[in-house]
Amino acid sequence: MSRNKAVVTTGKPHTDESYAIVARAVKFDWSNVPLQYIPGEWYATHFWNVMHLVLPEGERAMADVFASALPFIDDPRLHEEVVGFVGQEATHASSHESFRDYLVTHGVDIEPILRRIRFAVGVVFGDHGLTGRAGKAWLNERLGIYAAAEHFTAVVGEWLLDNTEFDRLGVDPTMLDLLRWHGAEELEHRNVAFDAFQYVDGGGFRRARTAVAASAGLALLWFSTAVYLYKNSVATPRSSKGRLRRRIQMPWPLAFARASRKQLIPGLSFLFVQLALYIRPGFHPSKMGDIDKAVQYLAKSPAALATQP
């Protein structure tokens with residue numbers, strides 16, 4: 001994968017090295033994945049299941065917003081990166097969406113969650129039919145929100161790549177590959193959404209305001225969805241009468257604290273630390289994380305290798 005210099009012509013040059021961003025074909029087979037793919041950990045399993053429910057709609061909407069910004073991006077290198085970013089986000093959406101049928105067949109009612117997400121993405125963050133100056137201002141606002149959201153997905157992606165506890169515990173390899181493949185691509189394109197927002201708008205106040213909105217929205221949606229799944233999912237095997245047997249579970253705040261302490265999910269402080277870093281003057285995603293570790297994983301991802309001739 002080649003490295004090139006991306007030059008932004010707005011007076012705010014982007015001098016960090018960047019990779020060619022391309023959408024990769026991947027293939028996942030869920031047939032042998034257990035419902036509790038993190039052994040002995042229901043809450044942690046459902047915490048990561050949020051990705052399969054929230055991200056498809058969110059990433060398609062994000063792709064649409066950044067595609068709408070392309071006419072305002074004259075820099076050839078950044079334009080190329082945004083095109084690749086849009087392609088990767090669409091692939092992420094379809095890959096996670098394929099796991100939804102698996103959850104449904106295992107007795108998880110996901111429709112209430114999907115209705116909530118469709119409302120947030122399609123109604124709250126839709127284009128509202130705005131045109132002219134109002135349409136451009138709303139586009140800038142959505143670019144800021146999604147750029148901040150991409151910062152969080154990138155740092156979570158690096159967290160997934162670095163987490164050795166998953167390997168020690170024996171997380172299902174197919175699901176672990178999905179999480180790490182997605183995390184690696186988020187880390188790989190970590191600069192693109194931020195650079196596009198900076199190019200099209202770049203306002204410091206808008207960046208801080210939209211970061212607060214994005215972090216609050218993500219936290220609310222993520223935690224509420226994880227709690228819903230944790231409280232309402234069911235577990236196999238079936239009872240002698242063929243009914244799915246519900247689990248006895250500890251209260252979700254205790255389950256969250258337990259999973260966080262065991263390094264199976266990021267802790268609550270993770271969100272506040274990353275928000276503080278993002279809104280700090282002079283912040284740029286290239287100052288955080290290591291793209292090389294993402295590229296190294298993507299070169300060996302079983303799902304990516306499965307599609308190669």
# chains A, B, ... in the order shown; residues from 1 in each chain; ligands from 1
>>> residues_around(residues="Asp167 (chain A)", least_positions_apart="5", cutoff="12 Å", atoms="only C-alpha atoms", output="count of residues only")
13
>>> residues_around(residues="Thr91 (chain A)", least_positions_apart="2", cutoff="10 Å", atoms="only C-alpha atoms", output="ChimeraX atom specification")
/A:23-26,56,59-60,85-89,93-97,182
>>> write_last_selection(atoms="N, CA and C atoms", output="PDB file, in the first residue's frame")
ATOM      1  N   ALA A  23     -11.406   0.155  -0.566  1.00  0.00           N
ATOM      2  CA  ALA A  23     -12.370  -0.779   0.028  1.00  0.00           C
ATOM      3  C   ALA A  23     -11.931  -2.210  -0.285  1.00  0.00           C
ATOM      4  N   ARG A  24     -11.855  -3.040   0.736  1.00  0.00           N
ATOM      5  CA  ARG A  24     -11.428  -4.434   0.561  1.00  0.00           C
ATOM      6  C   ARG A  24     -12.641  -5.359   0.557  1.00  0.00           C
ATOM      7  N   ALA A  25     -12.597  -6.353  -0.301  1.00  0.00           N
ATOM      8  CA  ALA A  25     -13.622  -7.391  -0.272  1.00  0.00           C
ATOM      9  C   ALA A  25     -13.319  -8.337   0.883  1.00  0.00           C
ATOM     10  N   VAL A  26     -14.327  -8.665   1.666  1.00  0.00           N
ATOM     11  CA  VAL A  26     -14.156  -9.577   2.801  1.00  0.00           C
ATOM     12  C   VAL A  26     -15.298 -10.583   2.804  1.00  0.00           C
ATOM     13  N   PRO A  56     -24.319  -0.287  10.566  1.00  0.00           N
ATOM     14  CA  PRO A  56     -24.734  -0.286   9.157  1.00  0.00           C
ATOM     15  C   PRO A  56     -25.461   0.976   8.718  1.00  0.00           C
ATOM     16  N   GLU A  59     -23.022   4.112   9.174  1.00  0.00           N
ATOM     17  CA  GLU A  59     -21.905   4.231   8.228  1.00  0.00           C
ATOM     18  C   GLU A  59     -22.406   4.515   6.814  1.00  0.00           C
ATOM     19  N   ARG A  60     -23.574   4.016   6.466  1.00  0.00           N
ATOM     20  CA  ARG A  60     -24.135   4.387   5.164  1.00  0.00           C
ATOM     21  C   ARG A  60     -24.477   5.879   5.137  1.00  0.00           C
ATOM     22  N   PHE A  85     -12.588   6.312   1.411  1.00  0.00           N
ATOM     23  CA  PHE A  85     -13.252   6.271   2.714  1.00  0.00           C
ATOM     24  C   PHE A  85     -14.722   5.900   2.562  1.00  0.00           C
ATOM     25  N   VAL A  86     -15.399   6.511   1.603  1.00  0.00           N
ATOM     26  CA  VAL A  86     -16.812   6.219   1.352  1.00  0.00           C
ATOM     27  C   VAL A  86     -16.988   4.738   1.002  1.00  0.00           C
ATOM     28  N   GLY A  87     -16.071   4.195   0.192  1.00  0.00           N
ATOM     29  CA  GLY A  87     -16.149   2.790  -0.174  1.00  0.00           C
ATOM     30  C   GLY A  87     -15.942   1.866   1.008  1.00  0.00           C
ATOM     31  N   GLN A  88     -14.989   2.197   1.869  1.00  0.00           N
ATOM     32  CA  GLN A  88     -14.749   1.372   3.052  1.00  0.00           C
ATOM     33  C   GLN A  88     -15.939   1.394   3.993  1.00  0.00           C
ATOM     34  N   GLU A  89     -16.543   2.560   4.189  1.00  0.00           N
ATOM     35  CA  GLU A  89     -17.683   2.652   5.098  1.00  0.00           C
ATOM     36  C   GLU A  89     -18.866   1.819   4.593  1.00  0.00           C
ATOM     37  N   ALA A  93     -20.613  -1.439   6.560  1.00  0.00           N
ATOM     38  CA  ALA A  93     -22.047  -1.539   6.818  1.00  0.00           C
ATOM     39  C   ALA A  93     -22.585  -2.901   6.399  1.00  0.00           C
ATOM     40  N   SER A  94     -22.248  -3.349   5.195  1.00  0.00           N
ATOM     41  CA  SER A  94     -22.779  -4.624   4.715  1.00  0.00           C
ATOM     42  C   SER A  94     -22.213  -5.801   5.491  1.00  0.00           C
ATOM     43  N   SER A  95     -20.963  -5.713   5.941  1.00  0.00           N
ATOM     44  CA  SER A  95     -20.343  -6.819   6.676  1.00  0.00           C
ATOM     45  C   SER A  95     -21.002  -7.014   8.036  1.00  0.00           C
ATOM     46  N   HIS A  96     -21.273  -5.929   8.740  1.00  0.00           N
ATOM     47  CA  HIS A  96     -21.935  -6.040  10.039  1.00  0.00           C
ATOM     48  C   HIS A  96     -23.398  -6.432   9.886  1.00  0.00           C
ATOM     49  N   GLU A  97     -24.014  -5.955   8.831  1.00  0.00           N
ATOM     50  CA  GLU A  97     -25.434  -6.223   8.632  1.00  0.00           C
ATOM     51  C   GLU A  97     -25.692  -7.717   8.446  1.00  0.00           C
ATOM     52  N   HIS A 182     -12.404  -4.491  10.989  1.00  0.00           N
ATOM     53  CA  HIS A 182     -13.078  -3.198  10.982  1.00  0.00           C
ATOM     54  C   HIS A 182     -12.238  -2.159  11.724  1.00  0.00           C
TER      55      HIS A 182
END
>>> residues_around(residues="His46 (chain A)", least_positions_apart="3", cutoff="6 Å", atoms="only C-alpha atoms", output="number ranges by chain")
A: 43, 49, 226
>>> write_last_selection(atoms="N, CA and C atoms", output="CSV table (one decimal), in the first residue's frame")
chain,number,residue,atom,x,y,z
A,43,TYR,N,-22.4,-9.7,28.8
A,43,TYR,CA,-22.5,-8.2,28.6
A,43,TYR,C,-21.4,-7.8,27.6
A,49,ASN,N,-21.9,-6.5,20.1
A,49,ASN,CA,-23.0,-6.7,19.2
A,49,ASN,C,-23.6,-5.3,18.7
A,226,ALA,N,-26.7,-1.7,24.1
A,226,ALA,CA,-26.1,-2.8,24.9
A,226,ALA,C,-27.0,-3.3,26.0
>>> atom_distance(atom1="CA of Ala154 (chain A)", atom2="CA of Val273 (chain A)")
14.0 Å
>>> closest_residue(among="A:Ala259, A:Leu178, A:Ala137, A:Ala147", to="Lys27 (chain A)", atoms="only C-alpha atoms")
A:Leu178
>>> residues_around(residues="Gly282 (chain A)", least_positions_apart="3", cutoff="12 Å", atoms="only C-alpha atoms", output="VMD selection string")
chain A and resid 12 198 202 204 207 277 to 279 285 to 287
>>> closest_residue(among="A:Ile21, A:Ala208, A:Leu53, A:Val171", to="Leu221 (chain A)", atoms="only C-alpha atoms")
A:Leu53
>>> decode(residues="region 43-67 of chain A", atoms="N, CA and C atoms", output="tab-separated table (two decimals), in the first residue's frame")
chain	number	residue	atom	x	y	z
A	43	TYR	N	-22.41	-9.69	28.82
A	43	TYR	CA	-22.48	-8.24	28.62
A	43	TYR	C	-21.45	-7.80	27.58
A	44	ALA	N	-20.22	-8.27	27.70
A	44	ALA	CA	-19.18	-7.89	26.74
A	44	ALA	C	-19.56	-8.31	25.33
A	45	THR	N	-20.14	-9.50	25.19
A	45	THR	CA	-20.59	-9.95	23.87
A	45	THR	C	-21.61	-8.98	23.29
A	46	HIS	N	-22.59	-8.57	24.09
A	46	HIS	CA	-23.62	-7.68	23.57
A	46	HIS	C	-23.11	-6.25	23.41
A	47	PHE	N	-22.11	-5.88	24.18
A	47	PHE	CA	-21.50	-4.56	23.97
A	47	PHE	C	-20.95	-4.46	22.55
A	48	TRP	N	-20.29	-5.52	22.10
A	48	TRP	CA	-19.74	-5.50	20.74
A	48	TRP	C	-20.81	-5.80	19.70
A	49	ASN	N	-21.90	-6.46	20.09
A	49	ASN	CA	-23.01	-6.66	19.16
A	49	ASN	C	-23.64	-5.35	18.73
A	50	VAL	N	-23.45	-4.30	19.52
A	50	VAL	CA	-23.98	-2.99	19.14
A	50	VAL	C	-23.46	-2.58	17.77
A	51	MET	N	-22.21	-2.96	17.47
A	51	MET	CA	-21.63	-2.61	16.18
A	51	MET	C	-22.48	-3.14	15.03
A	52	HIS	N	-23.01	-4.36	15.18
A	52	HIS	CA	-23.77	-4.97	14.09
A	52	HIS	C	-25.11	-4.29	13.86
A	53	LEU	N	-25.61	-3.62	14.88
A	53	LEU	CA	-26.93	-3.00	14.79
A	53	LEU	C	-26.86	-1.51	14.48
A	54	VAL	N	-25.93	-0.82	15.12
A	54	VAL	CA	-25.84	0.63	14.98
A	54	VAL	C	-25.06	1.04	13.73
A	55	LEU	N	-23.98	0.35	13.45
A	55	LEU	CA	-23.06	0.83	12.41
A	55	LEU	C	-23.58	0.76	10.98
A	56	PRO	N	-24.32	-0.29	10.57
A	56	PRO	CA	-24.73	-0.29	9.16
A	56	PRO	C	-25.46	0.98	8.72
A	57	GLU	N	-26.50	1.38	9.45
A	57	GLU	CA	-27.21	2.62	9.08
A	57	GLU	C	-26.32	3.84	9.25
A	58	GLY	N	-25.57	3.88	10.36
A	58	GLY	CA	-24.73	5.03	10.63
A	58	GLY	C	-23.64	5.21	9.59
A	59	GLU	N	-23.02	4.11	9.17
A	59	GLU	CA	-21.91	4.23	8.23
A	59	GLU	C	-22.41	4.52	6.81
A	60	ARG	N	-23.57	4.02	6.47
A	60	ARG	CA	-24.14	4.39	5.16
A	60	ARG	C	-24.48	5.88	5.14
A	61	ALA	N	-25.04	6.38	6.23
A	61	ALA	CA	-25.36	7.81	6.30
A	61	ALA	C	-24.08	8.63	6.24
A	62	MET	N	-23.05	8.18	6.94
A	62	MET	CA	-21.77	8.88	6.92
A	62	MET	C	-21.20	8.91	5.51
A	63	ALA	N	-21.27	7.77	4.82
A	63	ALA	CA	-20.77	7.71	3.45
A	63	ALA	C	-21.52	8.70	2.56
A	64	ASP	N	-22.84	8.80	2.75
A	64	ASP	CA	-23.63	9.74	1.94
A	64	ASP	C	-23.23	11.18	2.21
A	65	VAL	N	-22.98	11.50	3.47
A	65	VAL	CA	-22.62	12.88	3.83
A	65	VAL	C	-21.27	13.25	3.22
A	66	PHE	N	-20.30	12.36	3.34
A	66	PHE	CA	-18.98	12.70	2.80
A	66	PHE	C	-18.97	12.66	1.28
A	67	ALA	N	-19.81	11.83	0.68
A	67	ALA	CA	-19.95	11.87	-0.77
A	67	ALA	C	-20.53	13.22	-1.21
